[in-house]
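The data block below is input-v2.tsv; it holds TSV, C-alpha atoms.
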```
chain	number	residue	atom	x	y	z
I	1	MET	CA	13.72	-17.66	13.43
I	2	ASN	CA	15.96	-20.70	12.89
I	3	PHE	CA	16.72	-20.77	9.15
I	4	CYS	CA	17.52	-18.21	6.46
I	5	SER	CA	14.36	-17.53	4.44
I	6	HIS	CA	16.53	-16.73	1.41
I	7	CYS	CA	18.90	-19.74	1.21
I	8	GLY	CA	17.67	-22.17	3.91
I	9	ALA	CA	20.91	-22.32	5.96
I	10	PRO	CA	20.75	-22.07	9.78
I	11	VAL	CA	20.93	-18.47	11.07
I	12	ARG	CA	22.63	-17.15	14.19
I	13	LEU	CA	21.95	-14.12	16.39
I	14	ALA	CA	24.77	-11.57	16.31
I	15	ILE	CA	25.39	-7.84	15.95
I	16	PRO	CA	26.34	-7.09	12.32
I	17	ALA	CA	29.33	-4.83	11.58
I	18	GLY	CA	28.30	-1.18	11.82
I	19	ASP	CA	25.11	-2.05	13.69
I	20	ASP	CA	24.32	-2.03	17.43
I	21	ARG	CA	21.52	-4.59	17.67
I	22	LEU	CA	21.23	-8.35	17.59
I	23	ARG	CA	19.96	-9.59	14.21
I	24	TYR	CA	19.49	-13.00	12.66
I	25	LEU	CA	22.44	-13.42	10.27
I	26	CYS	CA	23.00	-15.99	7.54
I	27	ASP	CA	26.66	-16.92	7.23
I	28	ARG	CA	26.06	-18.74	3.93
I	29	CYS	CA	24.36	-16.04	1.81
I	30	GLY	CA	25.09	-13.01	4.01
I	31	THR	CA	21.48	-11.92	4.46
I	32	ILE	CA	20.67	-9.87	7.58
I	33	HIS	CA	17.09	-10.54	8.67
I	34	TYR	CA	15.62	-7.38	10.15
I	35	GLN	CA	12.47	-7.59	12.25
I	36	ASN	CA	10.24	-4.55	12.68
I	37	PRO	CA	7.06	-3.52	14.50
I	38	ARG	CA	3.67	-4.10	12.91
I	39	ILE	CA	0.77	-1.68	12.60
I	40	VAL	CA	-2.67	-2.60	13.93
I	41	ALA	CA	-5.19	-0.41	12.09
I	42	GLY	CA	-8.81	0.00	13.14
I	43	THR	CA	-11.73	2.33	13.67
I	44	LEU	CA	-14.00	3.88	16.28
I	45	PRO	CA	-17.35	3.87	14.43
I	46	LEU	CA	-19.91	6.42	15.68
I	47	ILE	CA	-23.56	7.07	15.26
I	48	ASP	CA	-24.76	10.07	17.29
I	49	ASP	CA	-23.61	9.37	20.86
I	50	ARG	CA	-23.12	5.62	20.39
I	51	VAL	CA	-20.04	3.62	19.42
I	52	LEU	CA	-19.87	0.28	17.64
I	53	LEU	CA	-18.07	-2.61	19.36
I	54	CYS	CA	-17.44	-6.20	18.22
I	55	ARG	CA	-17.38	-9.19	20.53
I	56	ARG	CA	-14.41	-11.32	19.49
I	57	ALA	CA	-14.96	-14.84	18.16
I	58	ILE	CA	-11.24	-15.64	17.98
I	59	SER	CA	-8.31	-15.85	20.31
I	60	PRO	CA	-6.72	-13.95	21.94
I	61	ARG	CA	-9.45	-12.51	24.17
I	62	ASP	CA	-12.25	-14.57	22.64
I	63	GLY	CA	-15.59	-13.30	23.97
I	64	TYR	CA	-14.27	-9.84	24.90
I	65	TRP	CA	-15.36	-6.58	23.28
I	66	THR	CA	-13.15	-4.65	20.90
I	67	LEU	CA	-13.12	-2.04	18.16
I	68	PRO	CA	-12.74	-3.45	14.64
I	69	ALA	CA	-8.96	-3.59	14.05
I	70	GLY	CA	-6.23	-5.86	12.74
I	71	PHE	CA	-2.79	-6.08	11.17
I	72	MET	CA	-2.18	-3.74	8.24
I	73	GLU	CA	-1.30	-5.62	5.04
I	74	ASN	CA	1.31	-4.85	2.40
I	75	GLY	CA	-0.06	-2.80	-0.50
I	76	GLU	CA	-2.63	-0.77	1.42
I	77	THR	CA	-2.66	2.56	3.23
I	78	THR	CA	-3.33	2.81	6.97
I	79	GLU	CA	-6.83	4.20	6.27
I	80	GLN	CA	-7.56	1.42	3.74
I	81	ALA	CA	-6.43	-1.14	6.34
I	82	ALA	CA	-8.72	0.40	8.98
I	83	ARG	CA	-11.68	0.39	6.56
I	84	ARG	CA	-10.99	-3.21	5.49
I	85	GLU	CA	-10.88	-4.47	9.08
I	86	THR	CA	-14.14	-2.62	9.81
I	87	ARG	CA	-15.77	-4.26	6.80
I	88	GLU	CA	-14.44	-7.73	7.69
I	89	GLU	CA	-15.26	-7.70	11.40
I	90	ALA	CA	-18.36	-5.50	11.56
I	91	GLY	CA	-19.77	-5.43	7.99
I	92	ALA	CA	-19.68	-1.65	8.31
I	93	GLU	CA	-18.66	1.32	6.13
I	94	LEU	CA	-17.62	4.68	7.55
I	95	THR	CA	-17.51	8.27	6.33
I	96	GLU	CA	-15.18	11.12	7.32
I	97	LEU	CA	-12.35	9.08	8.80
I	98	SER	CA	-9.58	10.83	10.69
I	99	LEU	CA	-6.72	9.46	12.77
I	100	TYR	CA	-7.72	9.56	16.43
I	101	THR	CA	-5.36	7.44	18.57
I	102	LEU	CA	-1.80	6.32	17.91
I	103	ILE	CA	-0.64	3.96	20.67
I	104	ASP	CA	2.77	2.31	20.83
I	105	LEU	CA	3.13	-1.15	22.37
I	106	PRO	CA	6.92	-1.58	22.26
I	107	HIS	CA	6.92	-4.77	24.36
I	108	ILE	CA	4.94	-6.61	21.68
I	109	HIS	CA	6.29	-4.69	18.67
I	110	GLN	CA	2.97	-3.16	17.67
I	111	VAL	CA	1.67	0.33	16.87
I	112	TYR	CA	-2.11	0.83	17.08
I	113	MET	CA	-3.68	3.39	14.76
I	114	ILE	CA	-7.39	3.95	15.35
I	115	PHE	CA	-9.39	6.21	13.01
I	116	ILE	CA	-12.64	7.85	14.13
I	117	GLY	CA	-15.54	8.02	11.68
I	118	ARG	CA	-19.27	8.08	11.18
I	119	LEU	CA	-21.10	4.81	10.56
I	120	ALA	CA	-22.83	4.84	7.15
I	121	GLY	CA	-25.71	2.38	6.93
I	122	ASP	CA	-26.05	-1.06	8.45
I	123	PHE	CA	-23.60	-3.45	10.11
I	124	SER	CA	-23.34	-7.18	10.87
I	125	ALA	CA	-20.90	-9.56	12.57
I	126	GLY	CA	-18.19	-11.01	10.32
I	127	PRO	CA	-16.60	-14.45	10.88
I	128	GLU	CA	-14.19	-13.11	13.55
I	129	SER	CA	-17.00	-11.52	15.62
I	130	ARG	CA	-19.66	-13.17	17.81
I	131	GLU	CA	-21.81	-10.05	17.70
I	132	VAL	CA	-21.63	-6.37	16.84
I	133	ARG	CA	-23.57	-3.75	18.79
I	134	LEU	CA	-23.92	-0.03	19.42
I	135	PHE	CA	-23.25	1.21	22.96
I	136	GLU	CA	-23.99	4.44	24.78
I	137	GLU	CA	-21.35	5.50	27.29
I	138	SER	CA	-23.36	4.19	30.25
I	139	ALA	CA	-23.56	0.71	28.66
I	140	ILE	CA	-19.89	0.24	27.65
I	141	PRO	CA	-18.67	-3.13	29.02
I	142	TRP	CA	-15.54	-1.61	30.60
I	143	GLU	CA	-14.63	-4.81	32.43
I	144	SER	CA	-14.98	-6.98	29.33
I	145	LEU	CA	-12.86	-5.00	26.86
I	146	ALA	CA	-10.30	-7.05	24.94
I	147	PHE	CA	-7.25	-4.77	25.06
I	148	PRO	CA	-6.04	-1.69	26.97
I	149	THR	CA	-5.65	0.18	23.64
I	150	ILE	CA	-9.41	-0.18	23.15
I	151	GLU	CA	-10.19	1.09	26.64
I	152	ARG	CA	-7.90	4.08	26.22
I	153	THR	CA	-9.41	5.00	22.85
I	154	LEU	CA	-12.95	4.85	24.26
I	155	ARG	CA	-11.98	6.94	27.31
I	156	HIS	CA	-10.44	9.61	25.06
I	157	PHE	CA	-13.62	9.66	23.00
I	158	PHE	CA	-16.04	10.13	25.89
I	159	ASP	CA	-13.74	12.73	27.50
I	160	ASP	CA	-13.45	14.63	24.22
I	161	ARG	CA	-17.22	14.55	23.71
I	162	ARG	CA	-17.76	16.26	27.08
I	163	ARG	CA	-14.91	18.74	26.90
I	164	GLU	CA	-15.50	22.49	26.51
I	165	LEU	CA	-13.64	23.64	23.40
I	166	PRO	CA	-12.12	26.97	22.46
I	167	PRO	CA	-13.60	28.23	19.17
I	168	GLY	CA	-11.84	26.80	16.12
I	169	ALA	CA	-10.45	23.76	17.95
I	170	GLU	CA	-11.02	20.23	16.65
I	171	ARG	CA	-13.11	18.08	18.96
I	172	PHE	CA	-11.55	14.73	18.03
I	173	SER	CA	-7.92	15.48	17.29
I	174	LEU	CA	-5.09	12.97	17.56
I	175	HIS	CA	-4.03	11.42	20.89
I	176	VAL	CA	-0.56	9.87	20.97
I	177	GLY	CA	0.48	7.51	23.76
I	178	SER	CA	1.99	4.18	24.70
I	179	PHE	CA	1.75	1.20	26.99
I	180	GLU	CA	5.10	-0.12	28.11
I	181	ARG	CA	3.67	-3.48	29.11
I	182	TRP	CA	0.34	-5.29	29.33
I	183	GLN	CA	-2.07	-3.43	31.58
I	184	ALA	CA	-5.40	-5.01	32.42
I	185	PRO	CA	-8.28	-2.65	31.69
I	186	ALA	CA	-8.97	-0.52	34.78
I	187	ARG	CA	-12.35	-0.42	36.46
I	188	PRO	CA	-14.34	2.69	35.57
I	189	ASP	CA	-14.06	5.58	38.06
B	190	MET	CA	11.26	-15.76	0.55
B	191	ASN	CA	12.28	-19.28	-0.48
B	192	PHE	CA	12.55	-21.27	2.75
B	193	CYS	CA	10.61	-21.53	6.01
B	194	SER	CA	12.44	-19.52	8.69
B	195	HIS	CA	11.03	-21.88	11.33
B	196	CYS	CA	11.87	-25.36	9.95
B	197	GLY	CA	13.99	-24.71	6.82
B	198	ALA	CA	11.70	-26.48	4.30
B	199	PRO	CA	10.90	-24.79	0.95
B	200	VAL	CA	7.82	-22.53	1.08
B	201	ARG	CA	5.17	-21.96	-1.57
B	202	LEU	CA	2.88	-19.00	-2.32
B	203	ALA	CA	-0.80	-19.81	-1.81
B	204	ILE	CA	-3.95	-18.43	-0.20
B	205	PRO	CA	-4.45	-20.11	3.21
B	206	ALA	CA	-7.88	-21.47	4.17
B	207	GLY	CA	-10.07	-18.64	5.50
B	208	ASP	CA	-7.76	-15.97	4.06
B	209	ASP	CA	-7.97	-13.97	0.83
B	210	ARG	CA	-4.32	-13.12	0.16
B	211	LEU	CA	-1.27	-14.94	-1.09
B	212	ARG	CA	1.09	-15.89	1.75
B	213	TYR	CA	4.25	-17.93	1.96
B	214	LEU	CA	3.20	-21.28	3.43
B	215	CYS	CA	5.29	-24.10	4.83
B	216	ASP	CA	3.78	-27.50	4.11
B	217	ARG	CA	6.15	-29.24	6.53
B	218	CYS	CA	5.54	-27.32	9.79
B	219	GLY	CA	2.38	-25.43	8.78
B	220	THR	CA	3.72	-21.93	9.45
B	221	ILE	CA	2.09	-19.07	7.53
B	222	HIS	CA	4.64	-16.29	6.95
B	223	TYR	CA	2.86	-12.94	7.05
B	224	GLN	CA	4.59	-9.86	5.65
B	225	ASN	CA	3.58	-6.40	6.81
B	226	PRO	CA	4.44	-2.75	6.15
B	227	ARG	CA	7.30	-1.10	7.99
B	228	ILE	CA	7.34	2.27	9.73
B	229	VAL	CA	9.94	4.89	8.81
B	230	ALA	CA	10.19	7.29	11.77
B	231	GLY	CA	11.95	10.64	11.64
B	232	THR	CA	11.91	14.30	12.58
B	233	LEU	CA	11.66	17.81	11.21
B	234	PRO	CA	14.11	19.66	13.51
B	235	LEU	CA	13.53	23.43	13.79
B	236	ILE	CA	15.40	26.39	15.10
B	237	ASP	CA	13.52	29.66	14.60
B	238	ASP	CA	12.65	29.76	10.90
B	239	ARG	CA	15.26	27.22	9.82
B	240	VAL	CA	15.04	23.44	9.38
B	241	LEU	CA	17.79	20.86	9.71
B	242	LEU	CA	18.55	18.62	6.72
B	243	CYS	CA	21.10	15.81	6.29
B	244	ARG	CA	22.90	15.02	3.04
B	245	ARG	CA	22.86	11.25	2.65
B	246	ALA	CA	26.12	9.30	2.64
B	247	ILE	CA	24.44	5.97	1.81
B	248	SER	CA	22.33	4.52	-0.94
B	249	PRO	CA	19.58	4.92	-1.97
B	250	ARG	CA	19.79	8.61	-2.96
B	251	ASP	CA	23.38	9.05	-1.82
B	252	GLY	CA	24.24	12.77	-1.94
B	253	TYR	CA	20.63	13.97	-1.74
B	254	TRP	CA	19.14	15.91	1.18
B	255	THR	CA	16.75	14.38	3.66
B	256	LEU	CA	15.25	14.70	7.12
B	257	PRO	CA	16.74	12.36	9.72
B	258	ALA	CA	14.59	9.19	9.48
B	259	GLY	CA	14.86	5.41	9.31
B	260	PHE	CA	13.17	2.10	10.03
B	261	MET	CA	11.56	1.79	13.43
B	262	GLU	CA	13.01	-1.09	15.48
B	263	ASN	CA	11.31	-3.66	17.69
B	264	GLY	CA	11.14	-2.61	21.34
B	265	GLU	CA	10.85	1.14	20.85
B	266	THR	CA	8.00	3.64	20.45
B	267	THR	CA	7.53	5.68	17.29
B	268	GLU	CA	8.81	8.79	19.08
B	269	GLN	CA	11.83	6.92	20.46
B	270	ALA	CA	12.58	5.68	16.94
B	271	ALA	CA	12.36	9.22	15.54
B	272	ARG	CA	14.67	10.55	18.28
B	273	ARG	CA	17.16	7.71	17.77
B	274	GLU	CA	17.37	8.31	14.03
B	275	THR	CA	17.88	12.04	14.66
B	276	ARG	CA	20.70	11.28	17.08
B	277	GLU	CA	22.34	8.76	14.71
B	278	GLU	CA	22.14	10.78	11.50
B	279	ALA	CA	22.38	14.36	12.77
B	280	GLY	CA	23.87	14.13	16.28
B	281	ALA	CA	20.88	16.19	17.42
B	282	GLU	CA	18.41	16.19	20.30
B	283	LEU	CA	14.93	17.72	20.10
B	284	THR	CA	12.38	19.10	22.55
B	285	GLU	CA	8.58	19.24	22.27
B	286	LEU	CA	8.08	16.53	19.65
B	287	SER	CA	4.67	16.07	18.07
B	288	LEU	CA	3.54	13.95	15.15
B	289	TYR	CA	3.40	16.13	12.04
B	290	THR	CA	3.13	14.01	8.85
B	291	LEU	CA	1.88	10.47	8.38
B	292	ILE	CA	2.43	9.37	4.77
B	293	ASP	CA	1.53	5.95	3.38
B	294	LEU	CA	3.63	4.43	0.60
B	295	PRO	CA	1.63	1.28	-0.16
B	296	HIS	CA	3.66	0.38	-3.27
B	297	ILE	CA	6.79	-0.11	-1.15
B	298	HIS	CA	5.04	-1.24	2.06
B	299	GLN	CA	6.14	1.73	4.16
B	300	VAL	CA	4.47	4.26	6.43
B	301	TYR	CA	6.39	7.47	7.13
B	302	MET	CA	5.87	9.16	10.49
B	303	ILE	CA	7.66	12.49	10.85
B	304	PHE	CA	7.61	14.34	14.18
B	305	ILE	CA	8.20	18.09	14.39
B	306	GLY	CA	10.35	19.46	17.22
B	307	ARG	CA	12.71	22.14	18.38
B	308	LEU	CA	16.46	21.55	18.06
B	309	ALA	CA	18.15	21.60	21.48
B	310	GLY	CA	21.86	22.39	21.28
B	311	ASP	CA	24.40	21.39	18.68
B	312	PHE	CA	24.38	18.88	15.82
B	313	SER	CA	26.90	16.99	13.68
B	314	ALA	CA	26.86	14.52	10.79
B	315	GLY	CA	26.68	10.84	11.78
B	316	PRO	CA	28.19	8.01	9.69
B	317	GLU	CA	25.18	7.91	7.32
B	318	SER	CA	25.34	11.66	6.56
B	319	ARG	CA	27.84	13.61	4.44
B	320	GLU	CA	26.84	16.86	6.11
B	321	VAL	CA	24.09	18.36	8.24
B	322	ARG	CA	22.95	21.96	7.82
B	323	LEU	CA	20.22	24.45	8.72
B	324	PHE	CA	18.21	25.93	5.84
B	325	GLU	CA	15.89	28.88	5.55
B	326	GLU	CA	12.96	28.38	3.19
B	327	SER	CA	14.65	30.33	0.38
B	328	ALA	CA	17.71	28.03	0.55
B	329	ILE	CA	15.97	24.62	0.60
B	330	PRO	CA	17.52	22.40	-2.13
B	331	TRP	CA	14.10	21.43	-3.57
B	332	GLU	CA	15.63	19.73	-6.59
B	333	SER	CA	18.06	17.68	-4.53
B	334	LEU	CA	15.71	16.19	-1.94
B	335	ALA	CA	16.02	12.45	-1.45
B	336	PHE	CA	12.36	11.39	-1.27
B	337	PRO	CA	8.90	12.83	-2.06
B	338	THR	CA	7.87	12.28	1.59
B	339	ILE	CA	10.59	14.76	2.59
B	340	GLU	CA	9.47	17.34	0.05
B	341	ARG	CA	5.83	17.04	1.14
B	342	THR	CA	6.71	17.40	4.82
B	343	LEU	CA	8.78	20.53	4.13
B	344	ARG	CA	6.01	22.07	1.98
B	345	HIS	CA	3.44	21.48	4.74
B	346	PHE	CA	5.78	23.14	7.21
B	347	PHE	CA	6.40	26.32	5.22
B	348	ASP	CA	2.69	26.55	4.31
B	349	ASP	CA	1.67	26.11	7.95
B	350	ARG	CA	4.20	28.74	9.07
B	351	ARG	CA	2.62	31.34	6.76
B	352	ARG	CA	-1.02	30.43	7.36
B	353	GLU	CA	-3.42	32.72	9.24
B	354	LEU	CA	-4.85	30.77	12.15
B	355	PRO	CA	-8.14	31.03	14.01
B	356	PRO	CA	-7.53	31.58	17.74
B	357	GLY	CA	-6.98	28.33	19.61
B	358	ALA	CA	-5.91	26.35	16.53
B	359	GLU	CA	-2.65	24.39	16.49
B	360	ARG	CA	-0.14	25.71	13.97
B	361	PHE	CA	1.58	22.39	13.24
B	362	SER	CA	-1.11	19.77	13.51
B	363	LEU	CA	-1.05	16.38	11.81
B	364	HIS	CA	-1.14	16.01	8.00
B	365	VAL	CA	-2.15	12.57	6.70
B	366	GLY	CA	-1.53	11.58	3.09
B	367	SER	CA	-0.12	9.02	0.70
B	368	PHE	CA	1.85	8.48	-2.47
B	369	GLU	CA	0.56	5.64	-4.59
B	370	ARG	CA	3.82	5.33	-6.49
B	371	TRP	CA	7.22	6.98	-6.75
B	372	GLN	CA	6.90	10.65	-7.64
B	373	ALA	CA	10.03	12.64	-8.38
B	374	PRO	CA	10.20	15.82	-6.31
B	375	ALA	CA	8.44	18.65	-8.19
B	376	ARG	CA	10.11	21.92	-9.01
B	377	PRO	CA	9.15	24.75	-6.68
B	378	ASP	CA	6.29	26.99	-7.89
```
Go ahead and express the file in the form of structure tokens.
Amino acid sequence: MNFCSHCGAPVRLAIPAGDDRLRYLCDRCGTIHYQNPRIVAGTLPLIDDRVLLCRRAISPRDGYWTLPAGFMENGETTEQAARRETREEAGAELTELSLYTLIDLPHIHQVYMIFIGRLAGDFSAGPESREVRLFEESAIPWESLAFPTIERTLRHFFDDRRRELPPGAERFSLHVGSFERWQAPARPD
Amino acid sequence: MNFCSHCGAPVRLAIPAGDDRLRYLCDRCGTIHYQNPRIVAGTLPLIDDRVLLCRRAISPRDGYWTLPAGFMENGETTEQAARRETREEAGAELTELSLYTLIDLPHIHQVYMIFIGRLAGDFSAGPESREVRLFEESAIPWESLAFPTIERTLRHFFDDRRRELPPGAERFSLHVGSFERWQAPARPD
């Protein structure tokens, strides 16, 4: 940020009175420009024991596999954002969505929110995907996943599928976690 | 937004090629200025059957009661943001935090994330609070709550406290919801 988006004057980095963080300040009109993390909303689409993945057609990580996900827009809910991204990237609709992973990425100012849901009907690659396919656990391309958030979400899913549950417990309840910095996807055990 | 924060030229609202939403575009340097929802992170601090509330000393809703909460900052996790706000507004530390309500407010581009946790030690009003107090259910100032998100979170809590649970079920598991527009807090039943 170099200029004030309100009045066009140059901004400077300083800690405003009563604050304890550096902000971009405009000395001409007095605006303080706050910057905040963004939400990446997406889904883990299921059909029986298979999950849907998209192979990215855009950078970053062009050619790598991911879950349908992208930046939440103003004017929508997190679930609407997740459904929209799934429609745009995978041509897919889901039923019974529930929040499954919430992963903080403080070093890049992002919060991932992935909803789990059942695939309803057909699917097809959108303009940001090279291809869209269903994978059983044994076929997941662990070494070609786009982001560590995707790997972690898939690992939670396959662990939860296998887990013995006490009666009354939810099989796919929320997992909260974070990555403090970029971590390359690990090899499978 | 009137000016490009990168180069200082005037911006215009238009739909970029390959997009389907209005964005602020800079014709001089080509920057597209995306705007995204912000996260409000906070806590529901408990001690036995009482909850901690803060009476606001700042606008909006100066003088009304709220849970400690505020905008998440770059470089922190959602839980760190919730703990920081609790420290700043209520001088309080919590143990055993878990995500309790996630409430979308698409009309004002916000997502509330309130964590539930046990109060550890003392508390005191910070500069943004007139006072901080513990309330039993019968004493909650339902008609003087600052925001509908706060009322909903408190109602979930007292409902969950009373609820009969199947063995193995979590008492305070996540509630996801939204408000599509401002709703004044309802009177208690």
Only residues of chain I matter here; which ones have an atom within 7 Å of chain B, counting only C-alpha atoms? Give them as a PyMOL selection string.
chain I and resi 1-8+35-38+72-78+104+106-107+109+166-169
Give me the residues within 12 Å of Pro330 in chain B as an mmCIF file with C-alpha atoms, in the coordinates of the input, counting only C-alpha atoms and dropping any in the same chain fewer than 3 places off.
```
data_model
loop_
_atom_site.group_PDB
_atom_site.id
_atom_site.type_symbol
_atom_site.label_atom_id
_atom_site.label_comp_id
_atom_site.auth_asym_id
_atom_site.auth_seq_id
_atom_site.Cartn_x
_atom_site.Cartn_y
_atom_site.Cartn_z
ATOM 1 C CA VAL B 240 15.040 23.440 9.380
ATOM 2 C CA LEU B 241 17.790 20.860 9.710
ATOM 3 C CA LEU B 242 18.550 18.620 6.720
ATOM 4 C CA CYS B 243 21.100 15.810 6.290
ATOM 5 C CA ARG B 244 22.900 15.020 3.040
ATOM 6 C CA GLY B 252 24.240 12.770 -1.940
ATOM 7 C CA TYR B 253 20.630 13.970 -1.740
ATOM 8 C CA TRP B 254 19.140 15.910 1.180
ATOM 9 C CA THR B 255 16.750 14.380 3.660
ATOM 10 C CA ARG B 322 22.950 21.960 7.820
ATOM 11 C CA LEU B 323 20.220 24.450 8.720
ATOM 12 C CA PHE B 324 18.210 25.930 5.840
ATOM 13 C CA GLU B 325 15.890 28.880 5.550
ATOM 14 C CA GLU B 326 12.960 28.380 3.190
ATOM 15 C CA SER B 327 14.650 30.330 0.380
ATOM 16 C CA SER B 333 18.060 17.680 -4.530
ATOM 17 C CA LEU B 334 15.710 16.190 -1.940
ATOM 18 C CA ALA B 335 16.020 12.450 -1.450
ATOM 19 C CA ILE B 339 10.590 14.760 2.590
ATOM 20 C CA GLU B 340 9.470 17.340 0.050
ATOM 21 C CA LEU B 343 8.780 20.530 4.130
ATOM 22 C CA PRO B 374 10.200 15.820 -6.310
ATOM 23 C CA ALA B 375 8.440 18.650 -8.190
ATOM 24 C CA ARG B 376 10.110 21.920 -9.010
ATOM 25 C CA PRO B 377 9.150 24.750 -6.680
#
```
Residue with the minimum atom-to-atom distance to Glu282 in chain B, picked from B:Arg250, B:Leu235, B:Ala328, B:Arg319 with all atoms listed in the file counted, is B:Leu235
Handout entry: Protein and nucleic acid residues near (-9.5, -4.2, 10.0) (cut-off 7 Å, only C-alpha atoms) as an NGL selection string
Key = :I and (41-42 or 68-70 or 81-86 or 88-89)
Find the residues near Leu94 in chain I: any atom within 6 Å, counting only C-alpha atoms, skip ones fewer than 2 places away on the same chain, and give them as a PDB file with C-alpha atoms, in the coordinates of the input.
```
ATOM      1  CA  GLY I 117     -15.540   8.020  11.680  1.00  0.00           C
ATOM      2  CA  ARG I 118     -19.270   8.080  11.180  1.00  0.00           C
ATOM      3  CA  LEU I 119     -21.100   4.810  10.560  1.00  0.00           C
ATOM      4  CA  ALA I 120     -22.830   4.840   7.150  1.00  0.00           C
TER       5      ALA I 120
END
```
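Counting only C-alpha atoms, the residue from B:Gly315, B:Phe336, B:Asp238, B:Gly219 that sits nearest to Arg351 in chain B is B:Asp238.
You will find CA of Arg352 in chain B at 23.7 Å from CA of Tyr100 in chain I.
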| request: Quick one: pull the distance between CA of Phe123 in chain I and CA of Asp208 in chain B, Å, one decimal. | output: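 CA of Phe123 in chain I sits 21.1 Å away from CA of Asp208 in chain B.
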- request: Excluding Ile32 in chain I and residues on its chain fewer than 6 positions from it, collect all residues at most 8 Å away from it, counting only C-alpha atoms, and give them as a list in words.
  value: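 My reading of the contact set: Pro16, Arg23, Tyr24, Leu25 and Cys26 of chain I.
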What separates CA of Thr290 in chain B and CA of His156 in chain I is a distance of 21.6 Å
Per-axis box centre and lengths in Å around range 170-173 of chain I, 5 Å margin per side, axis-aligned, as AutoDock Vina command-line options:
```
--center_x -10.5 --center_y 17.5 --center_z 17.8 --size_x 15.2 --size_y 15.5 --size_z 12.3
```
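Considering the residues I:Asp159, I:Glu128, I:Asp122, I:Glu164 and counting only C-alpha atoms, Arg56 in chain I has its shortest atom-to-atom contact with I:Glu128.
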